[in-house]
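Chemist: Before I ask anything, let me first share the structure, which is written out below as structure tokens.
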Amino acid sequence: MFRVIVWGALLFCCQLQYARASSEIFRNAGFEGALGTDNWYCAGCTGEQHLGDKVEGAASMMASGRTAEWAGPSYTLPYGRGVLPGQTYEFQIFVKLLSGGATHVEVKINLATTFSDGDVNYQEVKRTDHISQNHGWERITSTWTVPSFDKEVTEMRLYIEGPPASTDILVDAASLTSAEAQAGLVEGLQTVSGAEMVTNPGFEGDLSGWYCMSCTGVHYTQDKHDGGGSMLAQDRTAEWAGPSQDLAWGSAIKSGYTYMFTMWVKLLDGGNTPYNVIAKVNYRFKDYNDWVSSARLYAEGPPADVRFLIDDVSFLSFMDVTTDNWWHESNIRIDQHRKRYVTIRVQTPNADGISVEITQTKSHFAWGCAVNAWIMPDDARYRDFFLSNFEWAVFENNLKWTQNEPNEGQLEWGLADRTLEILENAGIPVRGHCVFWGVPEFVQGWLHNYWGGDLEQKCWKRVDDVVGRYAGRLVHWDVNNEMLHGDFYVQHTGSSQIRYEMFRKVKEKDPTAKLFLNDYNVVSYWGETNAYANQISEFLDNGAPVEGVGAQGHFGQRPDTVNVLHRLNVLSSRGLPIWITELDVNEPNEYVRADGYEDAMRAAFSHPAVEGVLIWGFWDQAHWRPNAALVNGDHFGINEAGRRWQRLVFNDWRTNLSLTDGIVTPEGKEFIFRGFHGNYEVKVKSHGQVVATKTFYLSPGAGALTVDVTMPNDIIVG
Ligand SMILES: *[C@@H]1O[C@H](CO)[C@@H](O)[C@H](O)[C@H]1NC(C)=O
């Protein structure tokens with residue numbers, strides 16, 4: 001049997017895990033968004049966002065109407081996904097009691113674990129006994145190891161309890177991060193949710209729920225994909241005749257949602273002739289107002305006289321997001337995966353009038369662009385726009401073999417050398433693209449004359465030439481571009497190992513560069529996503545030191561974001577980081593183009609496995625797709641897509657804060673904020689005058705980053 005896939009294969013849907021540096025496990029950790037059962041909620045009380053009093057951001061959470069001491073802010077942990085038994089985590093929350101005066105009360109962070117047999121186990125994560133209303137905001141922290149149980153856990157809930165029921169509680173700046181540095185596993189993006197919507201998906205006992213439309217359906221046990229049976233469609237009267245099931249419109253299948261469909265198929269007639277098998281949904285309308293009365297899921301395609309089997313059908317809701325609310329959902333994930341808490345501790349004998357200005361100067365996530373080395377060195381306008389809008393670069397053409405050695409032995413490095421120097425002086429990391437490119441039409445003429453061992457020797461000289469020349473200066477190398485689309489080197493050397501050996505040779509020559517696969521049609525369309533995921537495994541299994549997955553991202557139209565997210569999930573299932581290496585959105589209308597860029601950038605930035613996005617050019621006069629440009633014409637006029645890039649990269653996804661409220665401590669004053677990962681400058685002001693500055697780097701990591709600014713004792717304040 002083979003599988004028909006619509007919207008991709010259901011291989012790695014729900015428990016996907018991706019190893020990387022620790023990121024936030026709590027959704028809505030800072031209580032800046034709406035509360036709900038998918039983030040923080042109140043158990044036995046009323047939970048509300050509270051704007052008047054907070055530790056950071058604009059809001060905290062208030063728990064009022066508490067029905068008991070055990071009632072309080074709660075969070076259902078992603079046990080078995082982001083939160084794993086036996087692993088250690090850093091926990092933080094700030095708590096403030098709104099009544100009780102000077103009376104100290106116990107505040108406990110507890111864990112309620114429910115098992116499949118209905119039992120509930122209670123454990124303490126942390127107990128404090130020094131909190132009172134008069135103390136104001138108090139930080140509670142704990143290094144906590146998740147217990148292992150010998151029973152199946154169905155729910156693990158963290159909650160805050162302790163004060164008398166009459167006491168309202170505020171909480172803010174919650175955090176849960178893995179303490180196990182690089183080994184930490186981050187909860188994968190859950191793309192499929194809810195129950196199976198197909199009745200009798202495996203045909204184990206009979207055909208209940210199914211019928212054959214204009215054909216005869218037979219419960220078939222002689223051949224099946226799995227389990228006890230399959231469904232045979234025979235006596236088909238037309239190409240469109242086939243196995244059918246009615247889906248419940250409005251409950252199982254709703255307008256505006258995306259679904260993922262999988263089915264196994266086997267043809268019983270037709271020999272070697274290939275036929276299309278198509279899965280379709282047929283809607284019947286009640287009237288001309290588009291009221292749907294029924295939806296029929298069915299398979300069709302081969303000529304009427306071809307019998308076929310189907311088995312193991314699946315139809316699942318995809319992420320439970322609509323095209324309208326995915327934007328909100330992406331913001332939650334961006335907050336979760338791209339930000340971390342910082343505590344700035346200003347040490348001063350007089351905290352009165354102290355404020356801080358925090359400016360992020362660079363992003364940790366890579367936002368970059370392809371550079372044209374024919375233009376960059378001599379065109380100041382091109383150079384200026386590039387250097388002020390992009391923090392990463394990749395050579396578009398000038399490190400390709402055909403440019404570096406157009407005729408055998410004639411080595412050309414001048415353009416790449418000059419451009420690399422400009423980028424290095426600006427502190428811009430550069431990707432190398434590409435040592436080899438095995439799509440035959442892009443292999444330079446003279447190389448076509450070499451075969452077998454002779455060609456291999458040419459290849460290893462190429463590695464010496466280009467990788468050796470720039471060793472230590474390029475942070476990535478695309479080793480052999482677009483291997484899903486060409487195998488010149490395999491064909492011409494006759495070596496099945498050559499492509500793996502290329503990775504080993506490049507790694508030997510430059511051990512510091514991370515080595516990438518790089519291909520197209522893997523995030524922008526469905527065609528080759530699964531093949532690419534399999535290629536990642538193939539290379540790893542054959543000992544090729546592949547360290548990153550390049551997904552080019554050339555979109556012919558506005559991206560379908562939900563599908564892009566799922567394709568990223570499929571690619572990230574092999575445990576390697578993903579880079580969108582060549583993003584462009586080919587769309588003549590600059591406003592639609594801007595939305596298209598935002599869709600793609602947002603999908604990538606909100607996916608935990610993606611580390612960077614590089615666009616494939618910015619100027620329409622030097623772009624392989626002028627309708628994808630950010631600036632136009634000789635005057636370098638910025639268009640809507642360019643403005644969108646600037647707004648997202650330098651405003652929406654950057655931290656720039658001025659804080660006057662802080663927590664006064666015996667040592668001075670503490671300022672807490674949740675910032676995007678990256679480089680920062682902080683200016684400490686006393687009554688508006690800058691008295692100290694400091695730079696720091698906010699990496700992804702466990703717990704909050706503490707930055708100490710020690711003020712000289714002799715600064716006169718107040
Ligand atoms: C930070 O915000 C201030 C005030 O809104 C603004 O004047 C300044 O230009 C911003 N800085 C950056 C680097 O965006």
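Quick note on naming: the chains in the structure tokens go A, B, ... in the order shown, residues restart at 1 in each chain, and ligands are numbered from 1 in order of appearance.
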Can you tell me which residues surround Gly453 (chain A) at a distance of at most 10 Å, considering only C-alpha atoms, apart from same-chain residues fewer than 5 positions away, and format the answer as a PyMOL selection string?

Modeler: chain A and resi 458-459+492-495

Chemist: Sorted by chain and rising residue number, which residues of chain A lie within 10 Å of ligand 1, and what are their closest atom pairs and distances in Å to one decimal, counting only C-alpha atoms and all ligand atoms, as JSON lines?

Modeler:
```
{"residue": "A:Glu357", "atom": "CA", "partner": "ligand 1", "partner_atom_place_in_ligand_line": "1 (C)", "distance": 8.6}
{"residue": "A:Ile358", "atom": "CA", "partner": "ligand 1", "partner_atom_place_in_ligand_line": "1 (C)", "distance": 8.3}
{"residue": "A:Thr359", "atom": "CA", "partner": "ligand 1", "partner_atom_place_in_ligand_line": "13 (C)", "distance": 5.9}
{"residue": "A:Gln360", "atom": "CA", "partner": "ligand 1", "partner_atom_place_in_ligand_line": "13 (C)", "distance": 6.9}
{"residue": "A:Thr361", "atom": "CA", "partner": "ligand 1", "partner_atom_place_in_ligand_line": "13 (C)", "distance": 6.9}
{"residue": "A:Lys362", "atom": "CA", "partner": "ligand 1", "partner_atom_place_in_ligand_line": "13 (C)", "distance": 9.7}
{"residue": "A:Arg647", "atom": "CA", "partner": "ligand 1", "partner_atom_place_in_ligand_line": "14 (O)", "distance": 9.9}
{"residue": "A:Phe650", "atom": "CA", "partner": "ligand 1", "partner_atom_place_in_ligand_line": "14 (O)", "distance": 6.7}
{"residue": "A:Asn651", "atom": "CA", "partner": "ligand 1", "partner_atom_place_in_ligand_line": "14 (O)", "distance": 6.3}
{"residue": "A:Asp652", "atom": "CA", "partner": "ligand 1", "partner_atom_place_in_ligand_line": "14 (O)", "distance": 9.7}
{"residue": "A:Arg654", "atom": "CA", "partner": "ligand 1", "partner_atom_place_in_ligand_line": "14 (O)", "distance": 7.9}
{"residue": "A:Thr655", "atom": "CA", "partner": "ligand 1", "partner_atom_place_in_ligand_line": "14 (O)", "distance": 8.1}
{"residue": "A:Asn656", "atom": "CA", "partner": "ligand 1", "partner_atom_place_in_ligand_line": "1 (C)", "distance": 4.9}
{"residue": "A:Leu657", "atom": "CA", "partner": "ligand 1", "partner_atom_place_in_ligand_line": "2 (O)", "distance": 6.6}
{"residue": "A:Ser658", "atom": "CA", "partner": "ligand 1", "partner_atom_place_in_ligand_line": "2 (O)", "distance": 7.7}
```

Chemist: From a DSSP pass on the backbone, collect the residues of region 227-417 of chain A flagged as alpha helix (DSSP H) and hand them back as a PyMOL selection string.

Modeler: chain A and resi 326-338+380-389+401-404+414-417

Chemist: Any chance you can output those residues with C-alpha atoms as an mmCIF file, in the first residue's frame?

Modeler:
```cif
data_model
loop_
_atom_site.group_PDB
_atom_site.id
_atom_site.type_symbol
_atom_site.label_atom_id
_atom_site.label_comp_id
_atom_site.auth_asym_id
_atom_site.auth_seq_id
_atom_site.Cartn_x
_atom_site.Cartn_y
_atom_site.Cartn_z
ATOM 1 C CA TRP A 326 -3.482 32.297 14.209
ATOM 2 C CA TRP A 327 -1.914 35.759 14.528
ATOM 3 C CA HIS A 328 -2.849 35.876 18.222
ATOM 4 C CA GLU A 329 -1.646 32.313 18.701
ATOM 5 C CA SER A 330 1.685 33.136 17.065
ATOM 6 C CA ASN A 331 2.202 36.050 19.467
ATOM 7 C CA ILE A 332 1.784 33.711 22.424
ATOM 8 C CA ARG A 333 4.441 31.378 21.036
ATOM 9 C CA ILE A 334 6.755 34.269 20.186
ATOM 10 C CA ASP A 335 6.541 35.459 23.797
ATOM 11 C CA GLN A 336 7.191 31.918 24.975
ATOM 12 C CA HIS A 337 10.131 31.022 22.747
ATOM 13 C CA ARG A 338 11.858 34.310 22.023
ATOM 14 C CA ALA A 380 26.995 53.158 -1.114
ATOM 15 C CA ARG A 381 23.184 53.248 -1.221
ATOM 16 C CA TYR A 382 22.988 49.475 -1.501
ATOM 17 C CA ARG A 383 25.572 49.055 1.246
ATOM 18 C CA ASP A 384 23.885 51.552 3.574
ATOM 19 C CA PHE A 385 20.479 49.965 3.252
ATOM 20 C CA PHE A 386 21.932 46.527 3.785
ATOM 21 C CA LEU A 387 23.964 47.434 6.848
ATOM 22 C CA SER A 388 21.147 49.308 8.528
ATOM 23 C CA ASN A 389 18.424 46.703 7.903
ATOM 24 C CA TRP A 401 31.843 27.262 -7.756
ATOM 25 C CA THR A 402 30.766 28.500 -11.181
ATOM 26 C CA GLN A 403 31.569 32.095 -10.120
ATOM 27 C CA ASN A 404 34.759 31.210 -8.264
ATOM 28 C CA GLY A 414 37.991 39.535 -5.466
ATOM 29 C CA LEU A 415 34.265 40.289 -5.121
ATOM 30 C CA ALA A 416 33.715 37.853 -2.276
ATOM 31 C CA ASP A 417 36.829 39.108 -0.457
#
```

Chemist: Residues of region 322-380 of chain A that approach region 666-687 of chain A to 8 Å or less, counting only C-alpha atoms: could you list each one with the shortest pair of atoms and its distance in Å to one decimal, rows by chain and increasing residue number, as a Markdown table?

Modeler:
```
| residue | atom | partner | partner_atom | distance |
| --- | --- | --- | --- | --- |
| A:Arg338 | CA | A:Phe676 | CA | 5.6 |
| A:Lys339 | CA | A:Phe676 | CA | 4.2 |
| A:Arg340 | CA | A:Arg674 | CA | 5.3 |
| A:Tyr341 | CA | A:Arg674 | CA | 4.3 |
| A:Val342 | CA | A:Phe673 | CA | 5.5 |
| A:Thr343 | CA | A:Ile672 | CA | 4.6 |
| A:Ile344 | CA | A:Phe671 | CA | 5.1 |
| A:Arg345 | CA | A:Glu670 | CA | 4.6 |
| A:Val346 | CA | A:Lys669 | CA | 5.3 |
| A:Gln347 | CA | A:Gly668 | CA | 4.6 |
| A:Thr348 | CA | A:Gly668 | CA | 4.7 |
| A:Pro349 | CA | A:Gly668 | CA | 6.1 |
| A:Asn350 | CA | A:Gly668 | CA | 6.7 |
| A:Ala351 | CA | A:Gly668 | CA | 5.3 |
| A:Asp352 | CA | A:Ser686 | CA | 8.0 |
| A:Gly353 | CA | A:His687 | CA | 4.9 |
| A:Ile354 | CA | A:Ser686 | CA | 4.6 |
| A:Ser355 | CA | A:Lys685 | CA | 5.2 |
| A:Val356 | CA | A:Val684 | CA | 4.5 |
| A:Glu357 | CA | A:Lys683 | CA | 5.1 |
| A:Ile358 | CA | A:Val682 | CA | 4.6 |
| A:Thr359 | CA | A:Glu681 | CA | 5.3 |
| A:Gln360 | CA | A:Tyr680 | CA | 4.3 |
| A:Thr361 | CA | A:Tyr680 | CA | 5.4 |
| A:Lys362 | CA | A:Asn679 | CA | 5.0 |
| A:Ser363 | CA | A:Gly678 | CA | 4.4 |
| A:His364 | CA | A:Gly678 | CA | 4.2 |
| A:Phe365 | CA | A:His677 | CA | 7.4 |
```

Chemist: Identify which of the residues A:Leu267, A:Trp40, A:Ser573, A:Cys369 lies closest to His623 (chain A), counting only C-alpha atoms when measuring atom-to-atom distances.

Modeler: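 Looking only at the distances to His623 (chain A), the closest residue turns out to be A:Cys369.
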
Chemist: Calculated over only C-alpha atoms, which of the candidates A:Glu239, A:Asp584, A:Asp53, A:Glu482 has the smallest distance to Tyr298 (chain A)?

Modeler: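 Of A:Glu239, A:Asp584, A:Asp53, A:Glu482, the one nearest Tyr298 (chain A) is A:Glu239, counting only C-alpha atoms.
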
Chemist: For the interface of region 567-656 of chain A with region 535-546 of chain A (cut-off 9 Å, counting only C-alpha atoms), please tabulate each contacting residue of region 567-656 of chain A alongside its nearest pair of atoms and their separation in Å to one decimal, rows sorted by chain and increasing number, as a Markdown table.

Modeler:
```
| residue | atom | partner | partner_atom | distance |
| --- | --- | --- | --- | --- |
| A:Leu571 | CA | A:Ile536 | CA | 8.4 |
| A:Arg574 | CA | A:Ser537 | CA | 6.8 |
| A:Leu576 | CA | A:Val546 | CA | 8.4 |
```

Chemist: Residues of region 159-236 of chain A in strand (DSSP E or B) according to DSSP, as a PyMOL selection string?

Modeler: chain A and resi 159-161+169-178+185-187+192-193+211-213+216-220+230-234
